[in-house]
Structure formats: structure tokens, C-alpha cells
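Here's the structure, in C-alpha cells; my notes come after.
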Amino acid sequence: MAKVREPYALVKSLIALGLIVLCFIAAEWQYNRGVDRHARNAIILKHIALAPVALDLVKDSPLAAEWQTVTTQGVFDATQQILLKNRYSEGFYGFEVLTLFTTPNNERFWVDRGWVKAGATAAIAPTITPPPTNEVSITGRLRLDSSLPRGSFFALPANGDGLISKLDAQSQLETQNYYIDLLSGSESSLTPQVAAQLPELSDGPHMAYALQWLFFAGLVIYGRILIRRTR
């Protein structure tokens, strides 16, 4: 008895092959994301464990010192202050308070003075502790735009200018390409009640997702064989 030829067998095989290729591409993408995240977390853990250094020693290569604790001196400008929206702490909505800081060498950069809870309504301003008007010493983590989350809900859009560029454009100023998460200072009022938080340092589910896509590729292969056998 002659075998019944499977209709559109080549088309079905090509579709299955295309799905398998897409699954492998997705698996590789998730794997690379996991590797990158693990490397980022390792760098953060290494740098936050380092002893504090003077900002002048690392300001010329901030990328190599990102997340390290630095110290510097200067004055805050309370007239140049910006609130970053969409910040949450323990389930409460609020803002990150960024204030302009100028060193004796006339170098200007933004300092994240921590989180403040939003007012009871949109018309009520949050309560913000004013910075000292005299020269102070501060200690904080060196930060770059690259360490901030991206997306329409966060500080940075998926594409376009970074946080510092947006702050400078809003205030019509030109500042350094780094900023500082304030931890403490020479006056007790400088210590934030809720300091800027470190990012989540878990490696996330990327490796599990990579295996999941490989499993899907296996299902496609199994399904194609099963369809052929049923003929």
C-alpha cells in the first residue's frame, strides 16, 4: 500500500525551522542578558565595598569608579532643585530630590539628597529639608546615567538623552557627567531619611528564561515529528 503523501510538508517544515531559529535567538538573548546582569552586579558589589576616596581622585574616570563612595566639599544651591517623579519607598509614592552642588573649583554636579514622600494630593508639595547654605563636606556614591532604570515609567526613556542632560536642560545649566547619591555629610541634616537605594542585585530569571526558550524549541521539533507520524 502506497504511503499518503503529507500535504504542504515542506511548508510545515520551513515554519517549524523558523520557529526553532526564533527560539534559539530568544534563548541566546536571555542568556546574554543574564551574563551582563551578573557582571554588573559583581562590579557594584566590588565598588560599594571599597573604602571612600576623594572625588578629585576619580572624577576624570567616573565610569571606572561608579558606585564607589566618594567625599568632597562645596555648597548646595537650593534655588536649583529638581524632583524626580515615579519613585517609591516601602509602597509609598514620592520623589527623589536632586540639588545642585558646587565645589571650590567651581565644578558643578547634581546630588541626590534622597527620597521624600509625596504630598497628600497633587496640589500639596512634599516636605523637603532645605540644604545648608554654608560650605559642607559630603559623602556619597558616585553615579552615572548608565546605572538608572530605563523605560517610560522610570527616570530615563528607552532612547534619548540621559538624566543629567535632562536635568541640565530643565535648569539651563551645564554640569559634570556624573552625580552623587548622598549618604551623609558634615552636618546631621545632610543624612537622608531615605537614601537612594541600590539596584536589585539578584541575577534575575534570565537563565531560566533561556532554558525555557530551548524547551519551546524542543516542543516545536517534537510537534513536527508528531504531525508527520500521524500522516
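Letters A, B, ... mark the chains of the C-alpha cells in the order given; residue numbers begin at 1 per chain; ligand numbers begin at 1, in order shown.
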
All residues 12 Å or closer to A:Leu214, only C-alpha atoms, same chain fewer than 2 positions away omitted, as a short mmCIF file (atom, residue, chain, number, x, y, z; two decimals) with C-alpha atoms, in the first residue's frame:
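Dumped everything to around00.cif:
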```
data_model
loop_
_atom_site.label_atom_id
_atom_site.label_comp_id
_atom_site.auth_asym_id
_atom_site.auth_seq_id
_atom_site.Cartn_x
_atom_site.Cartn_y
_atom_site.Cartn_z
CA LEU A 19 10.17 28.82 14.95
CA ILE A 20 13.18 26.83 16.16
CA VAL A 21 15.56 29.54 14.97
CA LEU A 22 13.49 32.21 16.74
CA CYS A 23 13.54 30.16 19.94
CA PHE A 24 17.33 29.84 19.77
CA ILE A 25 17.67 33.59 19.17
CA ALA A 26 15.44 34.34 22.17
CA ALA A 27 17.39 31.87 24.32
CA GLU A 28 20.70 33.49 23.38
CA TRP A 29 19.26 36.96 24.09
CA GLN A 30 18.11 35.95 27.56
CA TYR A 31 21.41 34.20 28.26
CA MET A 207 18.93 31.92 32.68
CA ALA A 208 15.63 30.20 33.44
CA TYR A 209 14.05 32.04 30.51
CA ALA A 210 16.90 30.92 28.25
CA LEU A 211 16.24 27.28 29.19
CA GLN A 212 12.53 27.87 28.68
CA PHE A 216 9.99 25.55 23.39
CA ALA A 217 12.35 24.71 20.52
CA GLY A 218 12.22 21.08 21.61
CA LEU A 219 8.42 21.20 21.62
CA VAL A 220 8.43 22.52 18.06
CA ILE A 221 10.66 19.63 16.95
#
```

Residue list (strand (DSSP E or B), DSSP) for stretch 58-127 of chain A, as a PyMOL selection string:
chain A and resi 69-89+92-102+108-117

Based on the selection just made, write N, CA and C atoms of those residues as a compact mmCIF listing (two decimals), in the first residue's frame.
```
# COMPACT_ATOMS: atom_id res chain seq x y z
N THR A 69 32.16 54.92 46.99
CA THR A 69 31.87 56.02 47.90
C THR A 69 32.97 57.08 47.77
N VAL A 70 32.54 58.34 47.62
CA VAL A 70 33.49 59.44 47.45
C VAL A 70 33.15 60.54 48.45
N THR A 71 34.14 61.39 48.69
CA THR A 71 33.95 62.54 49.57
C THR A 71 34.37 63.81 48.83
N THR A 72 33.71 64.91 49.15
CA THR A 72 34.07 66.18 48.54
C THR A 72 33.51 67.32 49.38
N GLN A 73 33.87 68.54 49.03
CA GLN A 73 33.41 69.72 49.75
C GLN A 73 32.78 70.70 48.76
N GLY A 74 31.88 71.53 49.26
CA GLY A 74 31.27 72.53 48.42
C GLY A 74 30.01 73.08 49.05
N VAL A 75 29.19 73.73 48.21
CA VAL A 75 27.95 74.34 48.70
C VAL A 75 26.78 73.89 47.84
N PHE A 76 25.63 73.76 48.47
CA PHE A 76 24.39 73.45 47.77
C PHE A 76 23.73 74.74 47.30
N ASP A 77 23.02 74.63 46.19
CA ASP A 77 22.24 75.76 45.67
C ASP A 77 20.77 75.36 45.74
N ALA A 78 20.08 75.80 46.79
CA ALA A 78 18.69 75.41 46.99
C ALA A 78 17.77 75.98 45.93
N THR A 79 18.22 76.96 45.18
CA THR A 79 17.39 77.51 44.11
C THR A 79 17.40 76.63 42.87
N GLN A 80 18.34 75.69 42.82
CA GLN A 80 18.43 74.74 41.70
C GLN A 80 18.14 73.34 42.24
N GLN A 81 16.87 73.01 42.26
CA GLN A 81 16.44 71.75 42.86
C GLN A 81 15.35 71.13 41.99
N ILE A 82 15.45 69.85 41.74
CA ILE A 82 14.52 69.15 40.86
C ILE A 82 14.04 67.89 41.55
N LEU A 83 12.75 67.62 41.40
CA LEU A 83 12.16 66.40 41.95
C LEU A 83 11.94 65.39 40.83
N LEU A 84 12.45 64.19 41.03
CA LEU A 84 12.24 63.10 40.07
C LEU A 84 11.00 62.32 40.49
N LYS A 85 10.03 62.21 39.60
CA LYS A 85 8.78 61.53 39.93
C LYS A 85 8.93 60.01 39.77
N ASN A 86 7.83 59.34 40.10
CA ASN A 86 7.75 57.87 39.97
C ASN A 86 8.80 57.15 40.81
N ARG A 87 8.97 57.61 42.05
CA ARG A 87 9.86 56.95 42.99
C ARG A 87 9.04 56.41 44.15
N TYR A 88 9.30 55.15 44.52
CA TYR A 88 8.53 54.52 45.58
C TYR A 88 9.48 54.03 46.68
N SER A 89 8.98 54.10 47.91
CA SER A 89 9.72 53.57 49.06
C SER A 89 8.72 52.89 49.98
N PHE A 92 5.08 53.53 49.23
CA PHE A 92 4.58 54.90 49.19
C PHE A 92 5.19 55.65 48.00
N TYR A 93 4.35 56.46 47.36
CA TYR A 93 4.79 57.24 46.21
C TYR A 93 5.53 58.49 46.69
N GLY A 94 6.56 58.88 45.96
CA GLY A 94 7.31 60.08 46.33
C GLY A 94 8.25 60.53 45.23
N PHE A 95 9.28 61.25 45.64
CA PHE A 95 10.21 61.86 44.70
C PHE A 95 11.65 61.70 45.20
N GLU A 96 12.59 61.67 44.25
CA GLU A 96 14.00 61.83 44.59
C GLU A 96 14.32 63.32 44.46
N VAL A 97 15.02 63.86 45.45
CA VAL A 97 15.34 65.29 45.47
C VAL A 97 16.78 65.47 44.99
N LEU A 98 16.95 66.14 43.86
CA LEU A 98 18.28 66.43 43.33
C LEU A 98 18.56 67.91 43.44
N THR A 99 19.70 68.24 44.06
CA THR A 99 20.07 69.63 44.29
C THR A 99 21.45 69.88 43.71
N LEU A 100 21.61 71.06 43.12
CA LEU A 100 22.90 71.41 42.52
C LEU A 100 23.95 71.62 43.60
N PHE A 101 25.17 71.14 43.32
CA PHE A 101 26.28 71.24 44.27
C PHE A 101 27.48 71.80 43.53
N THR A 102 28.18 72.75 44.15
CA THR A 102 29.34 73.37 43.52
C THR A 102 30.55 73.25 44.43
N ARG A 108 30.39 71.80 39.02
CA ARG A 108 29.01 71.65 39.43
C ARG A 108 28.47 70.28 39.03
N PHE A 109 27.73 69.67 39.93
CA PHE A 109 27.07 68.41 39.64
C PHE A 109 25.84 68.29 40.53
N TRP A 110 24.99 67.33 40.19
CA TRP A 110 23.76 67.13 40.95
C TRP A 110 24.00 66.12 42.08
N VAL A 111 23.34 66.36 43.20
CA VAL A 111 23.41 65.45 44.35
C VAL A 111 21.99 64.97 44.67
N ASP A 112 21.82 63.66 44.67
CA ASP A 112 20.54 63.06 45.04
C ASP A 112 20.48 63.02 46.57
N ARG A 113 19.65 63.89 47.14
CA ARG A 113 19.58 64.00 48.60
C ARG A 113 18.57 63.03 49.22
N GLY A 114 18.11 62.09 48.42
CA GLY A 114 17.26 61.05 48.98
C GLY A 114 15.80 61.20 48.57
N TRP A 115 14.99 60.30 49.12
CA TRP A 115 13.58 60.20 48.78
C TRP A 115 12.73 60.97 49.77
N VAL A 116 11.67 61.61 49.25
CA VAL A 116 10.69 62.27 50.12
C VAL A 116 9.30 61.81 49.70
N LYS A 117 8.42 61.68 50.65
CA LYS A 117 7.05 61.24 50.38
C LYS A 117 6.27 62.36 49.71
```

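If only C-alpha atoms are the atoms counted, then among A:Arg141, A:Leu183, A:Gly34, A:Gln176 the closest residue to A:Asp60 is A:Gln176.
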
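Take the candidates A:Leu201, A:Leu167, A:Arg224, A:Asp36 and check each one against A:Leu14 using only C-alpha atoms; the shortest distance goes to A:Arg224.
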
Among stretch 9-161 of chain A, which residues carry a DSSP assignment of alpha helix (DSSP H), reported as a PyMOL selection string?
chain A and resi 9-48+55-58

All residues 12 Å or closer to stretch 50-59 of chain A, only C-alpha atoms, same chain fewer than 3 positions away omitted, as a PyMOL selection string:
chain A and resi 43-47+62-74+103-105+107-109+137-144+176-180+183

Expressed in Å to a single decimal, how great is the separation between atom CA of A:Asp203 and atom CA of A:Asn32?
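Between these atoms lies a distance of 11.7 Å.
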
Point-to-point distance in Å for atom CA of A:Trp213 and atom CA of A:Thr230
25.7 Å

By how many Å are atom CA of A:Ile124 and atom CA of A:Asp168 apart?
25.5 Å

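Among A:Pro192, A:Gly185, A:Pro199, A:Pro126, the residue with the shortest atom-to-atom distance to A:Ile48, counting only C-alpha atoms, is A:Pro199.
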
Nearest to A:Ala118: which of A:Asn41, A:Gly91, A:Pro132, A:Asp181 is it, counting only C-alpha atoms?
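Ranking A:Asn41, A:Gly91, A:Pro132, A:Asp181 by distance to A:Ala118, first place goes to A:Gly91.
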